[in-house]
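Peer 1: Okay, here's the structure, questions in a sec.
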Amino acid sequence: MTDQAIAQQDDTEAGWYLRFPLVTRLLHWTVAASIFALLWSGLWVFNIHPRLYWGDQGYFGAPAIAEIVADTSGEEPRYAIHIGDLSMNVTGVMGRGSGQPYVRLFNYPQGFDFGGNRALHFTAAWFLVLGWLYYVYHLLSSDRLRQTWLPTRAEMTLRHIWQDFVNHLKFRRAQGDEARRYNILQKLSYLTLMFLLFPLIFLTGLTMSNSITTAWPFLFDLFGGRQSARTLHFVFASITVLFILIHLLQLLVVGFTNYMRSMITGRFQIRAEDTQ
Amino acid sequence: MRVKLTRRQILHGALLTGMGGGIIAASRRFPGPVEGIYDVVDAVNYSLHDLLLAGQPLVREYSRADVALNFPTSGVTSPRDERYQQLKANAFADWRFTLDGMVANPLELSLSELKSLPAQTQVTLHTCDEGWSAVGAWTGVRLSQLLQQALLQPGARYVVFHCMDTQSNGVPYYESIDLFAASHPQTILAYGLNGEDLPEQNGAPLRLRIETQIGYKHAKFVERVEVVDSLAHIGDGRGGWWEDVDRAVWYAGL
């Protein structure tokens with residue numbers, strides 16, 4: 001069904017309306033698939049050298065700010081994640097090292113394929129960047145940014161934000177017409193993801209490219225060096241994972257079927273009891 | 001039927017056509033086979049980065065105080081090849097470097113002859129695709145100077161590096177770059193690291209430094225440079241050992 005046809009039903013069939021236009025749905029799933037591929041291949045590549053550094057340089061022999069380490073002095077090798085002075089035992093979850101995967105998820109099923117995973121990362125990155133670019137363009141040119149994403153003056157009060165925060169903690173769902181709009185925390189998280197986190201992920205990723213930093217050496221200065229950019233890339237990716245986890249949890253809280261349907265077909269139903 | 005296009009539809013159409021045309025053009029000038037999406041992306045990155053580096057900007061240099069003690073290594077650190085070990089035992093006095101292929105004046109040089117050519121030292125950040133990076137001071141001869149001396153023939157497009165270290169599949173390492181990257185002022189064949197002769201684990205007696213690209217392109221244990229018009233007959237046709245065995249991207253500026 002076309003978007004127009006769905007939109008027309010808004011008038012005739014009470015309770016239904018077009019929540020997400022086709023472009024939003026297509027981009028949502030493109031971005032979702034890209035992010036999954038990026039996280040998978042990124043973790044795969046990280047697994048080869050599971051140490052994080054700050055500055056320009058970082059290698060085995062140089063101090064790391066975080067690393068997965070093996071202690072093979074005992075009978076059974078033990079593994080731990082070290083972050084500064086903190087140590088977390090991860091024996092059984094991670095381990096082996098020296099040519100073997102640290103993260104047990106990666107067992108190199110079809111040979112090594114390190115190069116293939118890097119190629120996957122660059123490919124998925126293009127899909128994410130293009131999807132992001134198009135969506136930003138769409139948001140700005142269609143007025144959707146102002147209509148649905150930008151907070152109103154009334155919403156930008158501490159009192160309102162606090163109230164919304166409490167609503168979230170109590171799993172209190174939006175009712176009736178309220179459910180059509182994004183709440184303030186939703187708006188702020190989407191704005192942060194779209195206009196802060198994604199650009200930072202792109203830029204820190206580019207700072208790991210030799211030819212990009214040859215053309216744009218200021219990227220080194222912006223992030224404090226090549227290894228700092230790698231570490232920040234990892235941190236920003238972890239924040240994205242956190243966003244996705246909350247995103248999925250909220251999907252379960254607000255009603256999986258209705259919201260999942262709205263992101264696949266576009267149609268969203270304002271529940272009968274909600275509209276009363 | 002009359003179709004009335006909005007301004008936005010025309011803009012979208014033009015953008016999509018431009019992107020499609022760009023992708024096709026990039027794929028056509030890519031040296032390797034374009035068989036899947038990874039190859040298309042590799043081709044696009046190659047062409048875009050060529051545009052970005054069109055003015056041959058220099059990579060950032062560091063201070064000598066920054067060099068990593070115990071410069072890290074990757075890949076083969078000691079070739080098992082008997083021939084290599086014999087050459088090394090004699091301090092590479094019997095070793096000869098050759099530059100041949102599509103050149104009018106092939107070169108054959110001993111290590112001391114290479115060292116007598118105008119030298120250049122650069123303190124740069126080496127980055128490995130594994131994720132680590134370290135600063136080293138590399139001394140060597142500009143590749144462009146050797147290529148000029150050898151007089152390129154018309155049609156020459158790529159430079160192939162043949163190495164002395166036999167890999168796990170029984171094939172000696174090989175890599176390739178295009179003439180544009182080969183002519184970058186910081187692309188050198190290095191015989192020195194941090195003021196000393198190049199150590200064995202870092203590729204003695206001679207290795208490539210291609211600073212605009214990542215670690216595996218920096219072929220170690222180089223003994224022959226071949227100028228070619230196509231990479232189709234090098235290895236399995238993808239231009240390098242990792243490219244052929246592990247789907248590594250040929251254009252490794254990223």
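Labels for the structure tokens follow display order: chains A, B, ..., residues from 1 in each chain, ligands from 1.
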Given a cut-off of 8 Å, which residues of chain A touch chain B, counting only C-alpha atoms, written out as an MDAnalysis selection string?
Peer 2: chainID A and resid 45:46 48:49 56:60 112:116 118:120 122:123 206 208:215 217 226:227
Peer 1: Would you mind writing down, as a VMD selection string, each residue of range 125-259 of chain A that DSSP on the backbone assigns to alpha helix (DSSP H)?
Peer 2: chain A and resid 125 to 141 144 158 to 169 184 to 192 198 to 206 210 to 215 218 to 223 226 to 254 256 to 259
Peer 1: Give me the residues within 10 Å of Tyr173 in chain B as a PyMOL selection string, counting only C-alpha atoms and dropping any in the same chain fewer than 5 places off.
Peer 2: chain B and resi 76+161-168+219-222+235+240-242
Peer 1: Pick out each residue of range 71-185 of chain B that DSSP on the backbone tags as strand (DSSP E or B); I need them as a PyMOL selection string.
Peer 2: chain B and resi 96-101+103+107-110+120-127+133-142+152+158-166+172-178
Peer 1: Find the residues around Leu27 in chain A up to 10 Å (only C-alpha atoms counted), leave out those fewer than 6 positions away in its own chain, and share them as a PyMOL selection string.
Peer 2: chain A and resi 33+127-128+130-132+134-135
Peer 1: I want to know what sits within 6 Å of range 92-107 of chain B, based on only C-alpha atoms, with residues of the same chain fewer than 2 positions away left out; could you give that as a list of chain:residue names?
Peer 2: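 Answer for this query is B:Leu87, B:Lys88, B:Asn90, B:Leu109, B:Ser110, B:Ala150, B:Leu151, B:Leu152, B:Gln153, B:Glu223, B:Arg224, B:Val225, B:Glu226, B:Val227, B:Val228.
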Peer 1: Leaving out range 252-258 of chain A and any residue of its chain fewer than 6 positions from it, which residues lie within 12 Å of it when counting only C-alpha atoms, given as an MDAnalysis selection string?
Peer 2: chainID A and resid 15:19 168:175 179 245:246 264:271
Peer 1: Can you tell me, as JSON, numbers by chain, what residues are no more than 7 Å from range 183-189 of chain A when counting only C-alpha atoms, ignoring any on the same chain fewer than 2 positions away?
Peer 2: {"A": [149, 150, 151, 155, 161, 164, 181, 191, 192, 193]}
Peer 1: With all heavy atoms retained, export the selected residues as an mmCIF file, in the first residue's frame.
Peer 2:
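Ended up saving to result38.cif:
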```
data_model
loop_
_atom_site.group_PDB
_atom_site.id
_atom_site.type_symbol
_atom_site.label_atom_id
_atom_site.label_comp_id
_atom_site.auth_asym_id
_atom_site.auth_seq_id
_atom_site.Cartn_x
_atom_site.Cartn_y
_atom_site.Cartn_z
ATOM 1 N N TRP A 149 11.095 15.975 15.545
ATOM 2 C CA TRP A 149 12.311 15.708 16.320
ATOM 3 C C TRP A 149 12.691 16.843 17.258
ATOM 4 O O TRP A 149 13.202 16.605 18.341
ATOM 5 C CB TRP A 149 13.497 15.450 15.375
ATOM 6 C CG TRP A 149 13.526 14.058 14.834
ATOM 7 C CD1 TRP A 149 12.474 13.293 14.461
ATOM 8 C CD2 TRP A 149 14.695 13.255 14.616
ATOM 9 N NE1 TRP A 149 12.896 12.073 14.005
ATOM 10 C CE2 TRP A 149 14.248 12.029 14.087
ATOM 11 C CE3 TRP A 149 16.064 13.468 14.796
ATOM 12 C CZ2 TRP A 149 15.138 11.010 13.748
ATOM 13 C CZ3 TRP A 149 16.936 12.457 14.452
ATOM 14 C CH2 TRP A 149 16.473 11.237 13.940
ATOM 15 N N LEU A 150 12.514 18.080 16.796
ATOM 16 C CA LEU A 150 12.978 19.199 17.618
ATOM 17 C C LEU A 150 12.048 19.404 18.812
ATOM 18 O O LEU A 150 10.830 19.440 18.656
ATOM 19 C CB LEU A 150 13.063 20.476 16.784
ATOM 20 C CG LEU A 150 14.236 20.569 15.815
ATOM 21 C CD1 LEU A 150 14.276 21.947 15.170
ATOM 22 C CD2 LEU A 150 15.557 20.282 16.504
ATOM 23 N N PRO A 151 12.616 19.528 20.004
ATOM 24 C CA PRO A 151 11.786 19.763 21.186
ATOM 25 C C PRO A 151 11.103 21.123 21.099
ATOM 26 O O PRO A 151 11.665 22.060 20.520
ATOM 27 C CB PRO A 151 12.795 19.758 22.346
ATOM 28 C CG PRO A 151 14.044 19.179 21.801
ATOM 29 C CD PRO A 151 14.041 19.462 20.338
ATOM 30 N N GLU A 155 8.720 21.778 26.147
ATOM 31 C CA GLU A 155 9.335 20.494 26.524
ATOM 32 C C GLU A 155 10.717 20.667 27.131
ATOM 33 O O GLU A 155 11.201 19.810 27.858
ATOM 34 C CB GLU A 155 9.462 19.597 25.286
ATOM 35 C CG GLU A 155 8.155 18.969 24.848
ATOM 36 C CD GLU A 155 8.308 18.251 23.530
ATOM 37 O OE1 GLU A 155 9.150 18.677 22.705
ATOM 38 O OE2 GLU A 155 7.601 17.251 23.318
ATOM 39 N N ILE A 161 11.328 17.438 31.524
ATOM 40 C CA ILE A 161 12.259 16.346 31.258
ATOM 41 C C ILE A 161 12.259 15.370 32.428
ATOM 42 O O ILE A 161 12.248 14.147 32.250
ATOM 43 C CB ILE A 161 13.685 16.906 30.997
ATOM 44 C CG1 ILE A 161 13.685 17.726 29.695
ATOM 45 C CG2 ILE A 161 14.698 15.795 30.916
ATOM 46 C CD1 ILE A 161 14.976 18.436 29.411
ATOM 47 N N ASP A 164 9.164 13.284 32.341
ATOM 48 C CA ASP A 164 9.252 12.256 31.308
ATOM 49 C C ASP A 164 10.168 11.125 31.758
ATOM 50 O O ASP A 164 9.908 9.953 31.485
ATOM 51 C CB ASP A 164 9.767 12.880 30.000
ATOM 52 C CG ASP A 164 9.517 11.972 28.825
ATOM 53 O OD1 ASP A 164 8.430 11.364 28.768
ATOM 54 O OD2 ASP A 164 10.420 11.843 27.986
ATOM 55 N N ARG A 181 3.252 11.439 19.099
ATOM 56 C CA ARG A 181 4.450 12.290 19.145
ATOM 57 C C ARG A 181 5.582 11.588 19.883
ATOM 58 O O ARG A 181 5.355 10.721 20.716
ATOM 59 C CB ARG A 181 4.113 13.603 19.857
ATOM 60 C CG ARG A 181 3.235 14.524 19.036
ATOM 61 C CD ARG A 181 3.112 15.869 19.688
ATOM 62 N NE ARG A 181 2.269 15.841 20.871
ATOM 63 C CZ ARG A 181 0.948 15.970 20.837
ATOM 64 N NH1 ARG A 181 0.331 16.132 19.694
ATOM 65 N NH2 ARG A 181 0.252 15.935 21.939
ATOM 66 N N LEU A 191 18.185 12.872 18.495
ATOM 67 C CA LEU A 191 19.023 13.996 18.062
ATOM 68 C C LEU A 191 20.492 13.731 18.386
ATOM 69 O O LEU A 191 21.378 14.001 17.572
ATOM 70 C CB LEU A 191 18.564 15.293 18.743
ATOM 71 C CG LEU A 191 17.276 15.923 18.197
ATOM 72 C CD1 LEU A 191 16.808 17.061 19.105
ATOM 73 C CD2 LEU A 191 17.482 16.428 16.773
ATOM 74 N N THR A 192 20.747 13.193 19.582
ATOM 75 C CA THR A 192 22.129 12.889 19.976
ATOM 76 C C THR A 192 22.740 11.841 19.062
ATOM 77 O O THR A 192 23.870 11.969 18.578
ATOM 78 C CB THR A 192 22.154 12.359 21.428
ATOM 79 O OG1 THR A 192 21.434 13.256 22.245
ATOM 80 C CG2 THR A 192 23.569 12.214 21.935
ATOM 81 N N LEU A 193 21.965 10.778 18.815
ATOM 82 C CA LEU A 193 22.463 9.691 17.965
ATOM 83 C C LEU A 193 22.780 10.205 16.561
ATOM 84 O O LEU A 193 23.850 9.958 16.015
ATOM 85 C CB LEU A 193 21.393 8.598 17.890
ATOM 86 C CG LEU A 193 21.799 7.289 17.218
ATOM 87 C CD1 LEU A 193 22.723 6.499 18.120
ATOM 88 C CD2 LEU A 193 20.558 6.460 16.890
#
```
Peer 1: What does the distance from CA of Val235 in chain A to CA of Tyr216 in chain B come to in Å, to one decimal?
Peer 2: 26.4 Å
